Each structure stands twice: as structure tokens, then as C-alpha cells.
>>> print(open('protein_13.csv').read())   # CSV, C-alpha atoms and all ligand atoms
chain,number,residue,atom,x,y,z
A,1,MET,CA,0.9,15.3,-41.3
A,2,THR,CA,0.2,14.1,-37.7
A,3,ILE,CA,-2.7,15.2,-35.6
A,4,TYR,CA,-0.2,17.4,-33.7
A,5,ASP,CA,0.8,19.1,-36.9
A,6,ARG,CA,-2.8,19.7,-37.9
A,7,LEU,CA,-3.6,21.1,-34.4
A,8,GLY,CA,-0.4,23.2,-34.4
A,9,VAL,CA,0.9,21.6,-31.2
A,10,ARG,CA,4.6,20.8,-30.9
A,11,PRO,CA,5.4,17.2,-29.7
A,12,VAL,CA,8.0,17.1,-26.9
A,13,VAL,CA,10.8,14.6,-26.1
A,14,ASN,CA,9.9,13.3,-22.6
A,15,ALA,CA,13.0,12.4,-20.7
A,16,ALA,CA,11.3,13.5,-17.4
A,17,GLY,CA,9.5,10.3,-16.6
A,18,THR,CA,5.9,9.3,-16.1
A,19,LEU,CA,4.6,12.9,-15.8
A,20,THR,CA,0.9,13.2,-16.6
A,21,ARG,CA,1.3,16.8,-17.7
A,22,LEU,CA,3.6,15.5,-20.5
A,23,GLY,CA,1.2,12.7,-21.5
A,24,GLY,CA,2.8,10.0,-19.4
A,25,THR,CA,4.7,7.3,-21.3
A,26,LEU,CA,4.2,6.3,-24.9
A,27,MET,CA,1.5,3.6,-25.3
A,28,CYS,CA,2.8,0.2,-26.4
A,29,ALA,CA,1.9,-1.0,-29.9
A,30,GLU,CA,-0.2,-3.8,-28.4
A,31,ALA,CA,-2.4,-1.4,-26.4
A,32,LEU,CA,-2.8,0.8,-29.4
A,33,GLN,CA,-3.9,-2.2,-31.5
A,34,ALA,CA,-6.4,-3.3,-28.8
A,35,MET,CA,-7.9,0.2,-28.6
A,36,HIS,CA,-8.3,0.2,-32.4
A,37,GLU,CA,-10.1,-3.1,-32.3
A,38,ALA,CA,-12.2,-2.2,-29.3
A,39,ALA,CA,-13.4,1.0,-30.9
A,40,ARG,CA,-15.0,-0.9,-33.8
A,41,SER,CA,-17.8,-2.6,-31.9
A,42,ALA,CA,-20.3,-1.8,-29.1
A,43,VAL,CA,-19.9,-4.1,-26.1
A,44,VAL,CA,-21.5,-4.4,-22.6
A,45,ILE,CA,-19.1,-2.6,-20.4
A,46,ASP,CA,-19.9,-4.9,-17.4
A,47,GLU,CA,-18.9,-7.9,-19.5
A,48,LEU,CA,-15.7,-6.2,-20.7
A,49,GLN,CA,-14.8,-5.3,-17.1
A,50,GLU,CA,-15.5,-8.9,-16.1
A,51,ALA,CA,-13.0,-10.1,-18.7
A,52,ALA,CA,-10.5,-7.4,-17.5
A,53,SER,CA,-11.1,-8.6,-14.0
A,54,ARG,CA,-10.1,-12.1,-14.8
A,55,VAL,CA,-6.8,-10.9,-16.4
A,56,ILE,CA,-6.0,-8.5,-13.5
A,57,ALA,CA,-6.9,-11.1,-10.9
A,58,ARG,CA,-4.6,-13.6,-12.6
A,59,HIS,CA,-1.6,-11.3,-12.6
A,60,THR,CA,-2.1,-9.7,-9.2
A,61,GLY,CA,-3.4,-12.6,-7.1
A,62,ALA,CA,-6.5,-10.5,-6.2
A,63,GLU,CA,-10.0,-11.8,-6.2
A,64,ALA,CA,-11.2,-9.2,-8.8
A,65,GLY,CA,-10.0,-6.2,-10.7
A,66,LEU,CA,-11.3,-3.2,-12.6
A,67,VAL,CA,-9.9,-0.8,-15.2
A,68,THR,CA,-10.2,2.7,-13.8
A,69,SER,CA,-9.5,6.3,-15.0
A,70,GLY,CA,-5.9,6.3,-13.6
A,71,ALA,CA,-4.7,5.4,-10.1
A,72,PHE,CA,-6.5,8.6,-8.9
A,73,GLY,CA,-9.8,7.3,-10.2
A,74,ALA,CA,-9.1,4.0,-8.6
A,75,LEU,CA,-8.5,5.6,-5.2
A,76,VAL,CA,-11.7,7.6,-5.5
A,77,LEU,CA,-13.7,4.4,-6.2
A,78,ALA,CA,-11.8,2.5,-3.5
A,79,ALA,CA,-12.8,5.1,-0.9
A,80,GLY,CA,-16.4,5.1,-2.3
A,81,ALA,CA,-16.4,1.3,-2.0
A,82,SER,CA,-15.1,1.4,1.5
A,83,ILE,CA,-17.8,3.9,2.5
A,84,ALA,CA,-20.8,2.4,0.7
A,85,GLY,CA,-19.9,-1.3,0.3
A,86,LEU,CA,-22.7,-3.0,-1.5
A,87,ASP,CA,-25.5,-1.1,0.3
A,88,VAL,CA,-27.5,0.4,-2.5
A,89,ARG,CA,-29.1,3.0,-0.2
A,90,ARG,CA,-25.6,4.3,0.8
A,91,MET,CA,-24.4,4.2,-2.9
A,92,ASN,CA,-27.3,6.4,-3.8
A,93,ARG,CA,-26.4,8.9,-1.1
A,94,MET,CA,-22.8,9.3,-2.2
A,95,PRO,CA,-20.8,11.4,-1.7
A,96,HIS,CA,-23.0,13.0,0.9
A,97,TYR,CA,-23.2,9.8,2.8
A,98,GLY,CA,-19.5,10.1,3.7
A,99,TYR,CA,-19.6,13.7,4.6
A,100,GLU,CA,-22.8,13.5,6.7
A,101,ASN,CA,-21.7,10.5,8.6
A,102,GLY,CA,-18.2,11.8,9.2
A,103,CYS,CA,-16.6,8.8,7.5
A,104,GLU,CA,-12.9,8.7,8.2
A,105,ILE,CA,-9.9,7.2,6.4
A,106,VAL,CA,-6.8,6.8,8.6
A,107,ILE,CA,-3.4,7.6,7.0
A,108,CYS,CA,0.1,7.8,8.3
A,109,ARG,CA,1.1,11.5,8.5
A,110,HIS,CA,4.3,10.9,6.3
A,111,HIS,CA,2.1,9.2,3.6
A,112,ARG,CA,0.1,12.4,3.0
A,113,ASN,CA,0.5,13.6,-0.6
A,114,SER,CA,-1.2,15.6,-3.4
A,115,TYR,CA,-3.1,12.6,-4.7
A,116,ASP,CA,-4.9,11.8,-1.4
A,117,LYS,CA,-7.6,14.3,-2.4
A,118,ALA,CA,-9.1,11.3,-4.1
A,119,PHE,CA,-10.4,10.2,-0.7
A,120,ASP,CA,-12.1,13.6,-0.1
A,121,VAL,CA,-13.8,13.3,-3.4
A,122,ALA,CA,-15.6,10.2,-2.2
A,123,GLY,CA,-16.8,11.9,1.0
A,124,ALA,CA,-14.2,10.7,3.5
A,125,ARG,CA,-12.1,12.8,5.8
A,126,LEU,CA,-8.4,11.9,6.4
A,127,VAL,CA,-7.3,11.3,9.9
A,128,GLU,CA,-3.5,11.4,10.3
A,129,VAL,CA,-1.5,9.2,12.6
A,130,GLY,CA,2.1,9.1,13.7
A,131,LEU,CA,5.0,11.6,13.6
A,132,LEU,CA,7.3,12.7,10.9
A,133,ASP,CA,10.4,11.4,12.7
A,134,ARG,CA,11.5,8.9,10.2
A,135,ALA,CA,10.7,11.1,7.2
A,136,LEU,CA,12.8,13.9,8.9
A,137,GLY,CA,15.7,11.5,9.4
A,138,VAL,CA,15.5,11.7,13.2
A,139,GLY,CA,14.3,8.9,15.3
A,140,VAL,CA,14.3,5.2,14.7
A,141,ARG,CA,10.7,4.3,15.5
A,142,GLU,CA,8.1,3.7,12.9
A,143,VAL,CA,4.4,4.4,13.3
A,144,GLU,CA,3.3,1.6,15.7
A,145,PRO,CA,0.3,-0.6,15.9
A,146,GLU,CA,-1.0,1.0,19.1
A,147,GLU,CA,-0.9,4.4,17.4
A,148,ILE,CA,-3.0,3.2,14.5
A,149,GLU,CA,-5.3,1.4,16.8
A,150,ALA,CA,-5.9,4.5,18.8
A,151,VAL,CA,-7.3,6.5,15.9
A,152,ILE,CA,-9.5,3.7,14.4
A,153,GLY,CA,-13.0,4.3,15.6
A,154,PRO,CA,-16.7,3.7,14.6
A,155,ARG,CA,-16.4,6.2,11.8
A,156,THR,CA,-13.3,4.7,10.2
A,157,VAL,CA,-14.1,3.2,6.9
A,158,ALA,CA,-10.6,2.3,5.7
A,159,VAL,CA,-6.9,2.7,6.3
A,160,ALA,CA,-4.9,4.2,3.4
A,161,TYR,CA,-1.3,3.2,2.7
A,162,VAL,CA,1.0,4.8,0.2
A,163,ALA,CA,3.5,2.2,-1.1
A,164,MET,CA,7.0,3.8,-1.3
A,165,GLU,CA,10.4,2.1,-1.8
A,166,GLY,CA,12.0,1.9,1.6
A,167,VAL,CA,9.3,3.7,3.5
A,168,GLY,CA,7.4,2.1,6.4
A,169,PRO,CA,5.5,1.2,8.4
A,170,ASP,CA,5.3,-2.4,7.4
A,171,LEU,CA,2.1,-3.0,5.3
A,172,ALA,CA,1.5,-6.4,6.9
A,173,MET,CA,1.3,-4.8,10.4
A,174,VAL,CA,-1.1,-2.1,9.2
A,175,VAL,CA,-3.3,-4.8,7.6
A,176,GLN,CA,-3.3,-6.7,10.8
A,177,VAL,CA,-4.4,-3.8,12.9
A,178,ALA,CA,-7.0,-2.7,10.4
A,179,HIS,CA,-8.5,-6.2,10.0
A,180,GLN,CA,-8.7,-6.6,13.8
A,181,HIS,CA,-11.1,-3.6,13.6
A,182,GLY,CA,-12.9,-4.9,10.5
A,183,VAL,CA,-11.7,-2.1,8.2
A,184,PRO,CA,-10.1,-2.5,4.8
A,185,VAL,CA,-6.7,-1.3,3.7
A,186,ILE,CA,-6.4,0.7,0.5
A,187,VAL,CA,-2.9,0.8,-1.1
A,188,ASP,CA,-1.8,3.6,-3.5
A,189,ALA,CA,0.7,1.7,-5.6
A,190,ALA,CA,0.3,4.0,-8.6
A,191,ASN,CA,4.0,4.0,-9.5
A,192,GLN,CA,5.3,0.8,-7.8
A,193,VAL,CA,5.8,-1.5,-10.9
A,194,PRO,CA,8.6,-2.1,-11.8
A,195,PRO,CA,9.8,-4.1,-9.9
A,196,MET,CA,7.5,-6.8,-11.3
A,197,GLU,CA,7.1,-8.5,-7.9
A,198,ASN,CA,5.1,-5.5,-6.7
A,199,LEU,CA,2.3,-6.5,-9.0
A,200,ARG,CA,1.4,-9.2,-6.5
A,201,ARG,CA,3.1,-8.0,-3.4
A,202,PHE,CA,0.5,-5.7,-1.7
A,203,ILE,CA,-2.3,-8.2,-2.2
A,204,ALA,CA,-0.1,-10.9,-0.9
A,205,GLU,CA,0.6,-8.8,2.2
A,206,GLY,CA,-3.1,-8.5,2.8
A,207,ALA,CA,-4.2,-5.2,1.2
A,208,ASP,CA,-8.0,-5.2,0.4
A,209,LEU,CA,-7.7,-2.8,-2.5
A,210,VAL,CA,-4.7,-1.7,-4.6
A,211,ALA,CA,-4.6,1.2,-7.0
A,212,MET,CA,-2.1,1.3,-9.9
A,213,SER,CA,-1.6,3.5,-12.9
A,214,GLY,CA,-2.0,2.1,-16.4
A,215,GLY,CA,-0.3,5.0,-18.1
A,216,LYS,CA,3.1,4.9,-16.3
A,217,ALA,CA,5.6,2.1,-16.8
A,218,PHE,CA,2.8,-0.3,-18.1
A,219,ARG,CA,2.5,1.9,-21.2
A,220,GLY,CA,-1.3,1.6,-21.4
A,221,PRO,CA,-3.6,4.5,-22.2
A,222,GLN,CA,-2.5,7.5,-20.2
A,223,SER,CA,-5.9,8.0,-18.6
A,224,SER,CA,-6.1,4.4,-17.4
A,225,GLY,CA,-5.5,2.6,-14.2
A,226,PHE,CA,-6.3,-0.6,-12.2
A,227,LEU,CA,-8.1,-1.3,-9.0
A,228,CYS,CA,-7.8,-4.8,-7.7
A,229,GLY,CA,-8.6,-6.6,-4.5
A,230,ARG,CA,-11.6,-8.0,-2.6
A,231,ARG,CA,-14.4,-8.9,-4.9
A,232,ASP,CA,-17.2,-7.2,-2.9
A,233,LEU,CA,-15.3,-3.9,-2.8
A,234,VAL,CA,-14.3,-4.0,-6.5
A,235,ALA,CA,-18.0,-4.8,-7.2
A,236,SER,CA,-19.0,-1.7,-5.3
A,237,ALA,CA,-16.5,0.4,-7.2
A,238,LEU,CA,-17.8,-0.9,-10.5
A,239,LEU,CA,-21.4,-0.2,-9.7
A,240,GLN,CA,-20.6,3.3,-8.7
A,241,GLN,CA,-18.6,3.9,-11.9
A,242,VAL,CA,-20.8,2.5,-14.7
A,243,ASP,CA,-24.0,3.8,-16.3
A,244,MET,CA,-26.9,2.6,-14.1
A,245,ASP,CA,-29.8,4.0,-16.0
A,246,VAL,CA,-31.3,0.6,-16.2
A,247,ALA,CA,-34.8,-0.8,-15.9
A,248,PRO,CA,-35.0,-2.5,-12.5
A,249,ALA,CA,-37.4,-5.1,-13.8
A,250,SER,CA,-34.9,-6.5,-16.3
A,251,TRP,CA,-31.4,-5.6,-14.8
A,252,THR,CA,-29.2,-8.3,-13.4
A,253,PRO,CA,-25.9,-7.4,-11.6
A,254,PRO,CA,-22.7,-8.4,-13.3
A,255,LYS,CA,-22.4,-11.9,-11.8
A,256,GLU,CA,-18.6,-12.2,-11.5
A,257,PHE,CA,-18.6,-9.2,-9.3
A,258,VAL,CA,-21.8,-9.2,-7.4
A,259,GLN,CA,-22.4,-12.6,-5.8
A,260,LYS,CA,-25.2,-11.9,-3.3
A,261,PRO,CA,-28.5,-10.2,-3.9
A,262,LEU,CA,-28.5,-6.4,-3.6
A,263,ASN,CA,-31.0,-4.3,-1.6
A,264,GLY,CA,-32.2,-2.5,-4.7
A,265,VAL,CA,-30.8,-1.3,-8.0
A,266,PRO,CA,-28.3,1.5,-7.7
A,267,ARG,CA,-28.7,4.7,-9.6
A,268,HIS,CA,-25.9,6.5,-11.5
A,269,GLY,CA,-23.1,6.6,-9.0
A,270,PHE,CA,-20.9,9.4,-7.9
A,271,GLY,CA,-18.0,7.7,-9.8
A,272,ARG,CA,-19.6,8.5,-13.2
A,273,GLY,CA,-16.9,11.1,-13.8
A,274,PHE,CA,-14.3,8.4,-13.4
A,275,LYS,CA,-15.7,6.2,-16.1
A,276,VAL,CA,-13.6,4.4,-18.6
A,277,GLY,CA,-14.4,3.5,-22.3
A,278,LYS,CA,-14.2,0.2,-24.0
A,279,GLU,CA,-11.0,1.4,-25.7
A,280,GLU,CA,-9.3,2.2,-22.4
A,281,ILE,CA,-10.3,-1.1,-20.8
A,282,ALA,CA,-9.0,-3.0,-23.8
A,283,GLY,CA,-5.8,-0.9,-24.0
A,284,ALA,CA,-5.0,-1.1,-20.3
A,285,VAL,CA,-5.5,-4.9,-20.3
A,286,ALA,CA,-3.3,-5.4,-23.4
A,287,ALA,CA,-0.6,-3.1,-21.9
A,288,LEU,CA,-0.6,-5.1,-18.6
A,289,GLU,CA,-0.2,-8.4,-20.4
A,290,THR,CA,2.5,-6.9,-22.7
A,291,PHE,CA,4.4,-5.5,-19.8
A,292,ILE,CA,4.4,-8.9,-18.1
A,293,SER,CA,5.6,-10.7,-21.2
A,294,LYS,CA,8.2,-8.0,-22.2
A,295,GLU,CA,9.5,-6.7,-18.9
A,296,THR,CA,13.0,-8.0,-19.6
A,297,ASP,CA,13.0,-6.2,-23.0
A,298,TYR,CA,11.7,-3.0,-21.4
A,299,GLN,CA,14.5,-3.2,-18.7
A,300,LYS,CA,17.1,-3.7,-21.4
A,301,GLN,CA,15.7,-0.7,-23.4
A,302,TRP,CA,15.8,1.5,-20.4
A,303,ALA,CA,19.3,0.5,-19.5
A,304,ASP,CA,20.5,0.9,-23.1
A,305,ARG,CA,19.0,4.4,-23.3
A,306,CYS,CA,20.7,5.4,-20.1
A,307,ARG,CA,24.1,4.0,-21.2
A,308,GLY,CA,23.8,5.6,-24.7
A,309,PHE,CA,22.8,9.0,-23.2
A,310,ALA,CA,25.6,9.0,-20.6
A,311,ALA,CA,28.2,7.8,-23.2
A,312,ALA,CA,27.2,10.7,-25.5
A,313,LEU,CA,28.0,13.2,-22.8
A,314,ALA,CA,31.1,11.5,-21.4
A,315,GLY,CA,34.1,13.8,-20.9
A,316,LEU,CA,32.1,16.9,-21.8
A,317,ALA,CA,33.2,20.1,-19.9
A,318,GLY,CA,30.4,21.6,-17.8
A,319,VAL,CA,28.5,18.5,-17.0
A,320,GLU,CA,29.0,15.1,-15.4
A,321,ALA,CA,26.6,12.2,-16.3
A,322,ILE,CA,26.2,9.6,-13.6
A,323,ILE,CA,24.3,6.4,-14.3
A,324,VAL,CA,22.1,5.4,-11.3
A,325,PRO,CA,21.5,1.7,-12.0
A,326,ARG,CA,18.2,-0.1,-11.5
A,327,GLU,CA,19.8,-2.0,-8.6
A,328,THR,CA,20.2,1.3,-6.8
A,329,THR,CA,16.8,2.9,-7.6
A,330,GLY,CA,15.0,-0.4,-7.1
A,331,ARG,CA,13.0,0.1,-10.3
A,332,LEU,CA,14.4,2.1,-13.3
A,333,PRO,CA,17.9,3.1,-14.2
A,334,LEU,CA,18.3,6.9,-14.4
A,335,VAL,CA,21.1,9.3,-15.4
A,336,GLU,CA,21.9,12.3,-13.1
A,337,LEU,CA,23.4,15.2,-14.9
A,338,VAL,CA,25.5,17.2,-12.4
A,339,PHE,CA,26.1,20.9,-13.3
A,340,PRO,CA,28.5,23.3,-11.6
A,341,SER,CA,25.6,25.4,-10.2
A,342,VAL,CA,21.9,25.4,-9.6
A,343,ALA,CA,21.6,28.4,-12.0
A,344,LYS,CA,23.3,26.4,-14.8
A,345,ALA,CA,21.0,23.4,-14.3
A,346,ALA,CA,18.0,25.6,-14.4
A,347,GLU,CA,19.3,27.4,-17.5
A,348,VAL,CA,19.9,24.1,-19.3
A,349,SER,CA,16.5,22.8,-18.3
A,350,ARG,CA,14.8,25.9,-19.6
A,351,GLY,CA,16.9,26.0,-22.8
A,352,LEU,CA,16.0,22.4,-23.6
A,353,ARG,CA,12.3,23.0,-23.1
A,354,ASP,CA,12.4,26.1,-25.3
A,355,GLY,CA,14.5,24.3,-28.1
A,356,VAL,CA,13.4,22.5,-31.2
A,357,PRO,CA,12.5,19.8,-30.5
A,358,SER,CA,11.4,20.7,-27.0
A,359,ILE,CA,13.1,18.4,-24.5
A,360,HIS,CA,12.0,17.8,-20.9
A,361,LEU,CA,14.4,16.5,-18.2
A,362,ASN,CA,13.2,15.8,-14.7
A,363,GLU,CA,13.7,18.8,-12.3
A,364,ARG,CA,13.3,17.0,-9.0
A,365,ARG,CA,16.9,17.7,-8.1
A,366,VAL,CA,17.4,21.0,-9.8
A,367,GLY,CA,17.9,22.6,-6.4
A,368,GLU,CA,21.1,20.6,-6.1
A,369,GLY,CA,22.3,21.6,-9.6
A,370,ARG,CA,21.2,18.4,-11.1
A,371,LEU,CA,18.8,17.3,-13.9
A,372,THR,CA,17.6,13.7,-14.1
A,373,PHE,CA,17.2,11.8,-17.3
A,374,ASN,CA,14.5,9.2,-17.1
A,375,PRO,CA,14.3,6.7,-20.0
A,376,VAL,CA,10.7,5.4,-19.4
A,377,GLY,CA,8.8,7.9,-21.5
A,378,LEU,CA,11.2,8.0,-24.5
A,379,ASP,CA,10.9,6.6,-28.0
A,380,ASP,CA,13.7,4.5,-29.5
A,381,GLY,CA,16.7,6.6,-30.3
A,382,GLN,CA,15.5,9.7,-28.5
A,383,GLU,CA,18.3,9.5,-25.9
A,384,GLU,CA,20.5,10.8,-28.8
A,385,VAL,CA,18.3,13.7,-29.3
A,386,VAL,CA,18.4,14.6,-25.6
A,387,ALA,CA,22.2,14.3,-25.5
A,388,ALA,CA,22.5,16.5,-28.6
A,389,GLY,CA,20.3,19.1,-27.0
A,390,VAL,CA,22.5,19.1,-23.8
A,391,ARG,CA,25.7,19.4,-25.9
A,392,ARG,CA,24.3,22.3,-27.9
A,393,LEU,CA,23.3,24.2,-24.8
A,394,LEU,CA,26.7,23.7,-23.3
A,395,GLY,CA,28.3,25.1,-26.4
A,396,HIS,CA,29.7,21.9,-27.8
B,401,LIG,C1,0.9,9.0,-10.5
B,401,LIG,C2,0.4,8.8,-9.1
B,401,LIG,C3,-1.0,8.8,-8.8
B,401,LIG,C4,-2.0,9.2,-9.9
B,401,LIG,O1,-2.0,8.2,-10.8
B,401,LIG,P1,-2.8,8.4,-12.2
B,401,LIG,O2,-2.8,7.1,-12.9
B,401,LIG,O3,-2.0,9.5,-13.0
B,401,LIG,O4,-4.2,8.9,-11.9
B,401,LIG,C5,-1.4,8.6,-7.5
B,401,LIG,N1,-0.5,8.3,-6.5
B,401,LIG,C6,0.8,8.3,-6.7
B,401,LIG,C7,1.8,8.0,-5.6
B,401,LIG,C8,1.3,8.5,-8.0
B,401,LIG,O5,2.7,8.5,-8.2
>>> encode(input="protein_13.csv", output="C-alpha cells")
Amino acid sequence: MTIYDRLGVRPVVNAAGTLTRLGGTLMCAEALQAMHEAARSAVVIDELQEAASRVIARHTGAEAGLVTSGAFGALVLAAGASIAGLDVRRMNRMPHYGYENGCEIVICRHHRNSYDKAFDVAGARLVEVGLLDRALGVGVREVEPEEIEAVIGPRTVAVAYVAMEGVGPDLAMVVQVAHQHGVPVIVDAANQVPPMENLRRFIAEGADLVAMSGGKAFRGPQSSGFLCGRRDLVASALLQQVDMDVAPASWTPPKEFVQKPLNGVPRHGFGRGFKVGKEEIAGAVAALETFISKETDYQKQWADRCRGFAAALAGLAGVEAIIVPRETTGRLPLVELVFPSVAKAAEVSRGLRDGVPSIHLNERRVGEGRLTFNPVGLDDGQEEVVAAGVRRLLGH
């Protein structure tokens, strides 16, 4: 009996991708082992985060890093760090400090998305810049430096940038403008690895803080993430995240993060709800290291699953399976299932979800009569289960 049996919850086959509502990807064995070991002993969280920081820094090229509660939690803390810095009085006034002082974060209009609420949580207000021309497929001009410059003012605490394959403007340009005005750039790179080079790319291009998910392709704990970047900003994020119910007479700041004296001892920060446990820190770090050492194996597994899935549906009436290789997606191979109609695609999707086992395909193109098979969240051999489900629903 598994825990799901005991709770009476049916497990699902996740061929939809890194969806949080389906539990993200399956944690790798190394992360699971690290969590087991971490759970068996108490530890000073600051020291564990210092160790995590060394690993994250080594692999990203950043000065420092932190394990967070997902990329969303990383973005909340990044905004909080940009607003308060290492000023203890400001930290203690969070998140009101941001609201009362009208703190602003500049963002390109076509980068707005459902996750940017993270910035509101820290007390910042988003100020949009640029037009939707490129996103709409009209116009050839990107958001330009002058436009960004024009909206940066005394209340600007950061510029936010959402990294997306093939979508501008150029990060290095944004960084240059922001730095001319003394404001940091926060990059949401939640889902940008693979490709592996993106692990270092945004820091190399000058980003001050980069947020990544731990529970997507890295296969760490689903609720984990990483924030990496400038040491002083990561330090502020950590101090606003951890338990600070300490005796000021005996407390010393974590020395790898905080390298100058603080103007006081912060109280519990507004980031307390975004805390991470020792198990998540250990699991996320193990997953990161495993991903780096096994990326070629992971890529092979994903490609094999796609090939196996498409082959099992080859020549079937009522559906065409098209492999979209990694070279085309820039990250993961996928399989597009093309049905004769939107209604048929929706019917198959519903039928798979309601079946035993319950199977989820990605519905992002269901409006075009397509369902997408994403291999990243599957277990070994499950591509066969998904293919069998599709065959059954099509009456084969
Ligand atoms: C998934 C995602 C997030 C949230 O990441 P979590 O690790 O689930 O908190 C934020 N931004 C983007 C662009 C994402 O794809």
C-alpha cells in the first residue's frame, strides 16, 4: 500500500509537463535520498543555506544563492530584497514599506504574466513599459533603452525581466539601462533550464537576481526553487525568509551572506511564509547537482519516451503523432497529437483524465485540435501507458 492508497487518492500519469497542479516532475532518487538524510538531524538553517549557496554559486556563476519555496517564492524575496536591501529598519516595515513609499518595479508590457503577483506580495507596484507590437506579430521594433529609461524614477527599486526563448528585449541592454540608474534586474528564469547553458547565462549577462524552479526539469522537491545573484541582495532575501526570533545580544549574521555590519537585528521577515525546510534545501541542492551530472541521460530519456510514444501511435486512424525535436523547441522534445477536430482533441483529453489510470496530456494547443505529450514528468515506461490510453479512446 502506498500513501496514496491509504489516503484514497488516485495517482495520475503526468504527460502534461511541469504543472504544479499535477505535482510537477518526479523527484530524482538523489534528491529523495538527500531529503531522507536531512530529515534525521537538526541543523542551523543559515549554515545549510550557506552550503547551498556555495553549490548554487559554483554552478550559476553568481556570488551567492539561496534555496527558496519555488521560483515564485524566489521572486517575492527578490522584490523584498530590492526594496529593503540590508536596511533593517526597512526590513522590519515590510511589506508596508513598499506600499507606503510607492516602490515600483519596471516590467516590459509583454512580459506580464500570472506569476508577477510575486512582486505585489513584497509591496511593489509594477510599472509597464513598451508596446505589444512584437508579441502581436506586427512591428519590428523591440522595447528600446530610451523607453525603459523614461519610466525609471526615484521610486524604481528594480527592473523585472521574464526570460523566454526567442522573446526580447535583449537582457544585456535592459541590465545596462537599469545599472545606469542604480537599480537591480530581477530575472524570472523559472522554466529556462534545459538548455543547460541557461544556468549561467542570465548572471553572465549581468542580472542581479535570477529565480529558478527546483521542481520542474531539475526534479527537486516540487515546492523548491533557487534565487541566485548579488551577495547583498541574496543576504537580504535570506534574512527576510528565516526565523529571526533571536537574542540580539548573542546573534551574529550568517557571515557568508552578510559581510558588513547591519543597522540592527531584523525581526521575523515578511518572507516567513516562503520558508524552506532542511529537507527541501538538501533535496534541491542534490537535484541541481544530479541534473548537471546527468543532463545527457535525461535528454536521452526524454527523446526515447517521445520516440516510443510516437512509434506506438504510428499509422493509427484518427490521430497523427508528430515529434517536435529538442532542436526545434530549444529545450525538451515533445510530441504533438493532431486530431481531426477540436472537439475530438477535447474528448480524448477528458477521456484520458477520467480513465484508469488517469492520464494528463498538455492542453495548451487543444484549441487547434492538438494535445501535447511532454516527457519531463513521466516515470520510465509510462509513455506506453499513455499510448495505450490514446489507442483505447480511439477505439483501437
Ligand atoms: C513555473 C513558473 C513560475 C513559478 O515557479 P514555481 O517554482 O512553481 O514557484 C514562475 N514563473 C514562470 C515563468 C514559470 O514558468
>>> closest_atom_pairs(input="protein_13.csv", of="chain A", to="ligand LIG 401 (chain B)", cutoff="6 Å", atoms="only C-alpha atoms and all ligand atoms", output="Markdown table")
| residue | atom | partner | partner_atom | distance |
| --- | --- | --- | --- | --- |
| A:Thr20 | CA | B:LIG401 | O3 | 5.9 |
| A:Gly70 | CA | B:LIG401 | O2 | 3.3 |
| A:Ala71 | CA | B:LIG401 | O2 | 3.8 |
| A:Phe72 | CA | B:LIG401 | O4 | 3.8 |
| A:Tyr115 | CA | B:LIG401 | C5 | 5.2 |
| A:Asp188 | CA | B:LIG401 | N1 | 5.7 |
| A:Ala190 | CA | B:LIG401 | C8 | 4.6 |
| A:Asn191 | CA | B:LIG401 | O5 | 4.9 |
| A:Ser213 | CA | B:LIG401 | O2 | 3.8 |
| A:Gly225 | CA | B:LIG401 | O2 | 5.4 |
>>> atom_distance(input="protein_13.csv", atom1="CA of Val187 in chain A", atom2="CA of Val44 in chain A")
28.9 Å
>>> atom_distance(input="protein_13.csv", atom1="CA of Gly85 in chain A", atom2="CA of Leu233 in chain A")
6.1 Å
>>> closest_residue(input="protein_13.csv", among="A:Ser349, A:Gln192, A:Asn101, A:Ser82", to="Asp208 in chain A", atoms="only C-alpha atoms")
A:Ser82
>>> closest_residue(input="protein_13.csv", among="A:Gly123, A:Gly318, A:Gly273, A:Gly215", to="Asp243 in chain A", atoms="only C-alpha atoms")
A:Gly273
>>> atom_distance(input="protein_13.csv", atom1="CA of Arg201 in chain A", atom2="CA of Ala62 in chain A")
10.3 Å
>>> residues_around(input="protein_13.csv", residues="Leu288 in chain A", least_positions_apart="6", cutoff="8 Å", atoms="all atoms listed in the file", output="PyMOL selection string")
chain A and resi 214+218+220
>>> closest_residue(input="protein_13.csv", among="A:His110, A:Arg326, A:Arg307, A:His96", to="Arg134 in chain A", atoms="all atoms listed in the file")
A:His110
>>> decode(input="protein_13.csv", residues="range 299-309 of chain A", atoms="N, CA, C and O atoms", output="short mmCIF file (atom, residue, chain, number, x, y, z; two decimals), in the first residue's frame")
data_model
loop_
_atom_site.label_atom_id
_atom_site.label_comp_id
_atom_site.auth_asym_id
_atom_site.auth_seq_id
_atom_site.Cartn_x
_atom_site.Cartn_y
_atom_site.Cartn_z
N GLN A 299 18.23 13.95 -21.21
CA GLN A 299 17.86 14.28 -22.59
C GLN A 299 17.57 13.01 -23.39
O GLN A 299 16.62 12.97 -24.17
N LYS A 300 18.38 11.97 -23.15
CA LYS A 300 18.18 10.72 -23.88
C LYS A 300 16.85 10.08 -23.48
O LYS A 300 16.09 9.63 -24.32
N GLN A 301 16.57 10.09 -22.15
CA GLN A 301 15.30 9.54 -21.67
C GLN A 301 14.12 10.27 -22.30
O GLN A 301 13.16 9.65 -22.76
N TRP A 302 14.17 11.60 -22.30
CA TRP A 302 13.06 12.37 -22.87
C TRP A 302 12.89 12.05 -24.34
O TRP A 302 11.76 11.86 -24.80
N ALA A 303 14.00 11.97 -25.07
CA ALA A 303 13.92 11.68 -26.51
C ALA A 303 13.38 10.26 -26.74
O ALA A 303 12.53 10.04 -27.61
N ASP A 304 13.85 9.30 -25.92
CA ASP A 304 13.38 7.91 -26.05
C ASP A 304 11.87 7.82 -25.79
O ASP A 304 11.15 7.11 -26.49
N ARG A 305 11.43 8.52 -24.75
CA ARG A 305 9.99 8.48 -24.43
C ARG A 305 9.17 9.04 -25.58
O ARG A 305 8.12 8.49 -25.93
N CYS A 306 9.63 10.14 -26.16
CA CYS A 306 8.90 10.74 -27.28
C CYS A 306 8.87 9.79 -28.47
O CYS A 306 7.82 9.59 -29.10
N ARG A 307 10.02 9.19 -28.78
CA ARG A 307 10.10 8.26 -29.91
C ARG A 307 9.20 7.05 -29.68
O ARG A 307 8.44 6.64 -30.54
N GLY A 308 9.28 6.50 -28.46
CA GLY A 308 8.47 5.32 -28.12
C GLY A 308 6.98 5.63 -28.21
O GLY A 308 6.20 4.84 -28.75
N PHE A 309 6.60 6.78 -27.71
CA PHE A 309 5.20 7.19 -27.72
C PHE A 309 4.70 7.37 -29.15
O PHE A 309 3.65 6.83 -29.54
#
